[in-house]
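Shown here: work-v5.txt, compact mmCIF, C-alpha atoms and all ligand atoms.
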# COMPACT_ATOMS: atom_id res chain seq x y z
CA MET A 1 0.00 0.00 0.00
CA ALA A 2 1.29 3.41 -0.96
CA GLU A 3 1.97 6.12 1.57
CA ARG A 4 0.55 9.54 0.64
CA ASN A 5 -0.20 12.86 2.24
CA CYS A 6 -3.70 13.75 3.47
CA TYR A 7 -5.38 16.35 1.23
CA GLN A 8 -6.61 18.19 4.29
CA CYS A 9 -3.97 18.06 7.02
CA SER A 10 -0.93 16.94 4.93
CA THR A 11 -0.12 14.14 7.37
CA PRO A 12 1.40 11.08 5.63
CA PHE A 13 -0.84 8.00 5.85
CA VAL A 14 -1.11 4.57 4.29
CA ALA A 15 -4.06 4.44 1.92
CA ARG A 16 -6.33 1.38 2.08
CA THR A 17 -7.79 2.06 -1.36
CA GLY A 18 -6.40 3.66 -4.51
CA HIS A 19 -8.60 6.75 -4.33
CA GLN A 20 -8.36 7.48 -0.59
CA LYS A 21 -7.49 11.18 -0.19
CA PHE A 22 -7.83 11.72 3.55
CA CYS A 23 -6.12 10.28 6.59
CA SER A 24 -9.34 10.15 8.63
CA LYS A 25 -13.08 10.81 8.54
CA PRO A 26 -12.77 14.22 10.31
CA CYS A 27 -10.37 15.37 7.57
CA CYS A 28 -12.82 14.22 4.92
CA TYR A 29 -15.70 16.07 6.60
CA ARG A 30 -13.55 19.16 7.09
CA GLU A 31 -12.71 19.26 3.39
CA ARG A 32 -16.39 18.89 2.49
CA TYR A 33 -17.34 21.63 4.97
CA LEU A 34 -14.72 24.04 3.61
CA ARG A 35 -15.74 23.38 0.00
CA LYS A 36 -19.41 23.96 0.81
CA HIS A 37 -18.64 27.19 2.66
CA ALA A 38 -16.44 28.47 -0.12
CA GLN A 39 -19.46 28.02 -2.43
CA ILE A 40 -21.75 29.84 -0.01
CA ARG A 41 -19.28 32.71 0.40
CA LYS A 42 -18.96 32.96 -3.36
CA SER A 43 -22.71 33.23 -3.87
CA GLN A 44 -22.96 35.74 -0.97
CA LYS A 45 -20.30 37.83 -2.63
CA ARG A 46 -22.13 37.66 -5.98
CA TYR A 47 -25.32 38.81 -4.25
CA TYR A 48 -23.47 41.63 -2.49
CA VAL A 49 -21.86 42.88 -5.70
CA ALA A 50 -25.20 42.79 -7.53
CA ASN A 51 -27.10 44.62 -4.74
CA ARG A 52 -24.39 46.84 -3.31
CA PRO A 53 -26.20 50.22 -3.18
CA LYS A 54 -29.34 48.68 -1.71
CA LEU A 55 -27.39 46.80 0.96
CA ILE A 56 -25.33 49.84 1.93
CA ALA A 57 -28.51 51.91 2.27
CA GLN A 58 -30.06 49.17 4.40
CA SER A 59 -27.10 48.96 6.74
CA ASN A 60 -26.90 52.76 7.08
CA GLU A 61 -30.58 52.86 7.92
CA TRP A 62 -30.11 50.11 10.50
CA ARG A 63 -27.14 51.92 12.05
CA GLU A 64 -29.09 55.17 12.17
CA ARG A 65 -32.02 53.43 13.86
CA GLN A 66 -29.65 51.81 16.39
CA HIS A 67 -28.09 55.20 17.01
CA GLN A 68 -31.47 56.73 17.83
CA THR A 69 -33.00 53.84 19.79
CA LYS A 70 -29.88 52.49 21.54
CA PRO A 71 -27.43 55.40 21.65
CA TRP A 72 -25.72 53.76 24.62
CA ALA A 73 -24.90 50.51 22.78
CA PRO A 74 -21.48 51.58 21.40
CA LEU A 75 -20.63 53.09 24.81
CA LEU A 76 -21.12 49.71 26.47
CA GLY A 77 -18.82 48.13 23.91
CA THR A 78 -15.99 50.58 24.43
CA ALA A 79 -16.45 50.44 28.22
CA LYS A 80 -16.11 46.66 28.13
CA TYR A 81 -12.95 46.96 26.04
CA ARG A 82 -11.47 49.57 28.39
CA ALA A 83 -12.35 47.52 31.47
CA LYS A 84 -10.53 44.52 30.03
CA LYS A 85 -7.55 46.61 29.03
CA GLU A 86 -7.25 48.30 32.44
CA GLY A 87 -8.17 45.22 34.48
CA LEU A 88 -11.27 46.87 35.97
CA PRO A 89 -14.49 45.07 36.95
CA PHE A 90 -17.31 45.20 34.39
CA ASN A 91 -20.94 44.14 34.79
CA LEU A 92 -22.85 46.69 32.69
CA THR A 93 -25.68 45.21 30.61
CA ALA A 94 -28.15 46.41 28.01
CA GLU A 95 -30.88 46.22 30.70
CA TRP A 96 -28.84 48.43 32.98
CA ALA A 97 -28.26 50.94 30.16
CA LEU A 98 -31.95 50.98 29.24
CA ALA A 99 -32.95 51.62 32.86
CA THR A 100 -30.25 54.26 33.44
CA TRP A 101 -30.37 56.18 30.15
CA LYS A 102 -32.48 59.35 30.48
CA GLY A 103 -31.24 61.17 27.38
CA VAL A 104 -29.71 63.88 29.57
CA CYS A 105 -26.45 64.20 31.51
CA GLU A 106 -26.89 63.00 35.09
CA ILE A 107 -24.58 65.67 36.46
CA SER A 108 -25.55 68.74 34.44
CA GLY A 109 -29.04 67.83 33.18
CA ILE A 110 -28.00 68.95 29.68
CA PRO A 111 -29.54 66.81 26.89
CA PHE A 112 -27.13 64.65 24.90
CA VAL A 113 -26.46 65.45 21.25
CA LEU A 114 -26.46 62.21 19.28
CA ASN A 115 -24.23 62.91 16.30
CA LYS A 116 -21.72 60.54 14.80
CA ARG A 117 -19.08 63.17 15.36
CA ARG A 118 -18.00 63.41 19.01
CA SER A 119 -18.60 66.73 20.78
CA VAL A 120 -18.66 67.95 24.39
CA PHE A 121 -22.39 67.13 24.30
CA SER A 122 -21.88 63.47 23.34
CA PRO A 123 -22.87 60.85 25.93
CA THR A 124 -20.19 58.93 27.86
CA ILE A 125 -20.17 56.46 30.74
CA ASP A 126 -18.74 57.95 33.92
CA LYS A 127 -17.31 55.81 36.73
CA ILE A 128 -18.46 57.60 39.91
CA ILE A 129 -15.51 56.20 41.85
CA PRO A 130 -12.98 55.47 39.07
CA LYS A 131 -11.13 52.58 40.76
CA LEU A 132 -14.39 50.63 41.33
CA GLY A 133 -14.66 50.21 37.55
CA TYR A 134 -17.69 49.60 35.38
CA GLU A 135 -20.03 48.25 38.06
CA GLN A 136 -23.74 48.96 37.57
CA ASN A 137 -24.11 51.02 40.74
CA ASN A 138 -20.88 52.93 40.01
CA CYS A 139 -21.76 54.17 36.52
CA ARG A 140 -23.92 56.88 34.97
CA PHE A 141 -24.32 58.66 31.65
CA VAL A 142 -22.75 62.12 31.56
CA LEU A 143 -21.67 64.59 28.87
CA PHE A 144 -18.27 64.01 27.31
CA GLY A 145 -17.39 67.55 28.40
CA VAL A 146 -18.36 66.85 32.02
CA ASN A 147 -16.46 63.56 32.00
CA ALA A 148 -13.39 65.31 30.61
CA LEU A 149 -13.58 67.88 33.39
CA LYS A 150 -13.96 65.19 36.04
CA TYR A 151 -11.31 63.00 34.34
CA ASN A 152 -10.12 60.39 36.88
CA SER A 153 -11.02 62.35 39.96
CA ALA A 154 -13.89 62.53 42.46
CA ASP A 155 -17.10 64.56 42.05
CA ALA A 156 -15.93 67.05 44.71
CA ASP A 157 -12.99 68.19 42.56
CA MET A 158 -15.21 68.59 39.52
CA TYR A 159 -17.76 70.66 41.45
CA ALA A 160 -15.01 72.81 42.96
CA ILE A 161 -13.55 73.53 39.51
CA ALA A 162 -17.01 74.18 38.03
CA ALA A 163 -17.82 76.56 40.89
CA ALA A 164 -14.50 78.36 40.41
CA ILE A 165 -15.13 78.69 36.67
CA THR A 166 -18.62 80.07 37.28
CA ALA A 167 -17.36 82.47 39.93
CA CYS A 168 -14.52 83.64 37.70
CA HIS A 169 -16.84 84.06 34.76
CA ARG A 170 -19.39 85.98 36.83
CA GLY A 171 -16.61 88.07 38.42
CA SER A 172 -15.07 89.01 35.11
CA SER A 173 -18.40 89.71 33.41
CA ILE A 174 -19.75 92.07 36.09
CA GLY A 175 -16.39 93.37 37.30
CA GLN A 176 -16.46 91.99 40.84
CA SER A 177 -13.67 90.35 42.80
CA VAL A 178 -13.32 86.59 42.34
CA PRO A 179 -14.06 84.36 45.34
CA SER A 180 -11.19 82.00 46.01
CA ALA A 181 -12.92 78.71 45.20
CA ASN A 182 -9.56 77.17 44.34
CA LYS A 183 -8.93 76.74 48.07
CA THR A 184 -11.52 73.96 48.05
CA VAL A 185 -9.81 72.28 45.11
CA LEU A 186 -6.42 72.47 46.79
CA ALA A 187 -7.88 71.21 50.09
CA SER A 188 -9.47 68.15 48.49
CA HIS A 189 -6.23 67.41 46.66
CA THR A 190 -4.08 67.47 49.79
CA ASP A 191 -6.72 65.35 51.61
CA ARG A 192 -6.44 62.54 49.12
CA ALA A 193 -2.68 62.69 48.62
ZN ZN B 201 -5.84 14.39 7.52
For this file, write the structure as structure tokens.
Ligand SMILES: [Zn+2]
Amino acid sequence: MAERNCYQCSTPFVARTGHQKFCSKPCCYRERYLRKHAQIRKSQKRYYVANRPKLIAQSNEWRERQHQTKPWAPLLGTAKYRAKKEGLPFNLTAEWALATWKGVCEISGIPFVLNKRRSVFSPTIDKIIPKLGYEQNNCRFVLFGVNALKYNSADADMYAIAAAITACHRGSSIGQSVPSANKTVLASHTDRA
């Protein structure tokens, strides 16, 4: 009996019959599976090429609908990715997002702007206490701008900065002296250090 190489896995084997191509049944099935799927992929591709504009329009429409009905969906995806990357806990779910999402920022009450292009009014997921990660009771939807101001700090710092900005702005616009709100910021920083 002649020794030959399997058509599928290239392992040498001794053929029992003249036309045996495969070393084993799994290799035979695998070959059949791959051939079948190559055919399916080919016909899918033919269909795609023939209906390209229609399919692109359909997928854009679907994406647009997702964007309006589940604007939080991509946020969950990126949060999951970030949690894995930074080794933080993650247990956010679609149910949690649906129950939590109000369409407005939880800190400022400003409505989110749902554009594809990111702006300070885009929604983001904020970790209330950053080191606790993406746990359901530690997360909320806030403006990108608010999240950027808070960064990796506590709410107290963010409020102190916001108050200082407002005071400064008011002081400069009506020509009064500026209250020293930065003392609070400095105090909270030295407390945590
Ligand atoms: Zn084989």
Given only C-alpha atoms and all ligand atoms as the counted atoms, nearest of A:Val14, A:Cys28, A:Ala50, A:Leu149 to ligand ZN 201 (chain B): A:Cys28
Residue list as a list in words for point (-24.3, 53.6, 16.9), cut-off 12 Å, only C-alpha atoms: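 All residues meeting the 12 Å criterion around (-24.3, 53.6, 16.9) are Ser59, Asn60, Glu61, Trp62, Arg63, Glu64, Arg65, Gln66, His67, Gln68, Thr69, Lys70, Pro71, Trp72, Ala73, Pro74, Leu75, Leu76, Gly77, Thr78, Leu114, Asn115, Lys116, Arg117, Arg118 and Pro123 of chain A.
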Using all atoms listed in the file, what does the table of chain A residues within 9 Å of ligand ZN 201 (chain B) look like, with each row giving the shortest atom pair and its distance in Å to one decimal, sorted by chain and ascending number, as CSV?
residue,atom,partner,partner_atom,distance
A:Asn5,CA,B:ZN201,ZN,7.9
A:Cys6,CA,B:ZN201,ZN,4.6
A:Tyr7,CA,B:ZN201,ZN,6.6
A:Gln8,CA,B:ZN201,ZN,5.0
A:Cys9,CA,B:ZN201,ZN,4.1
A:Ser10,CA,B:ZN201,ZN,6.1
A:Thr11,CA,B:ZN201,ZN,5.7
A:Pro12,CA,B:ZN201,ZN,8.2
A:Phe13,CA,B:ZN201,ZN,8.3
A:Lys21,CA,B:ZN201,ZN,8.5
A:Phe22,CA,B:ZN201,ZN,5.2
A:Cys23,CA,B:ZN201,ZN,4.2
A:Ser24,CA,B:ZN201,ZN,5.6
A:Lys25,CA,B:ZN201,ZN,8.1
A:Pro26,CA,B:ZN201,ZN,7.5
A:Cys27,CA,B:ZN201,ZN,4.6
A:Cys28,CA,B:ZN201,ZN,7.5
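With distances restricted to all atoms listed in the file, A:Phe112 is the closest residue to Val142 in chain A from A:Asp155, A:Arg32, A:Ala160, A:Phe112.
Taking CA of Val146 in chain A and CA of Ile165 in chain A as endpoints, the distance between them is 13.1 Å.
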Between CA of Glu86 in chain A and CA of Ile129 in chain A - distance in Å to one decimal: 14.8 Å
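Here CA of Ala97 in chain A and CA of Thr124 in chain A stand 11.6 Å from one another.
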Centre and edge lengths of an axis-aligned box around all listed atoms of range 50-66 of chain A, with 4 Å added on each side, are to be given in Å to one decimal, as lines of an AutoDock Vina configuration file.
center_x = -28.2
center_y = 49.0
center_z = 4.4
size_x = 15.6
size_y = 20.4
size_z = 31.9
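Between Leu143 in chain A and the residues A:Ala94, A:Ser43, A:Gly103, A:Lys85, the shortest atom-to-atom distance, using all atoms listed in the file, involves A:Gly103.
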Nearest candidate to Lys102 in chain A (options A:Arg140, A:Arg35, A:Arg52, A:Arg4; using all atoms listed in the file): A:Arg140
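Counting all atoms listed in the file, the residue from A:Ala162, A:Ala79, A:Ala148, A:Arg46 that sits nearest to Ser119 in chain A is A:Ala148.
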Contacts between range 130-138 of chain A and range 36-106 of chain A, please, where a residue of range 36-106 of chain A counts if it comes within 9 Å (with all atoms listed in the file); show its shortest atom pair and distance in Å to one decimal, rows by chain and ascending number, as CSV.
residue,atom,partner,partner_atom,distance
A:Ala79,CA,A:Tyr134,CA,7.3
A:Lys80,CA,A:Tyr134,CA,8.0
A:Ala83,CA,A:Tyr134,CA,6.9
A:Gly87,CA,A:Gly133,CA,8.7
A:Leu88,CA,A:Gly133,CA,5.0
A:Pro89,CA,A:Gly133,CA,5.2
A:Phe90,CA,A:Tyr134,CA,4.5
A:Asn91,CA,A:Glu135,CA,5.3
A:Leu92,CA,A:Gln136,CA,5.5
A:Thr93,CA,A:Gln136,CA,8.1
A:Trp96,CA,A:Gln136,CA,6.9
A:Ala97,CA,A:Gln136,CA,8.9
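Using only C-alpha atoms for every distance, the candidate list A:Ala57, A:Ala2, A:Cys168, A:Ile110 yields A:Ile110 as the residue closest to Phe141 in chain A.
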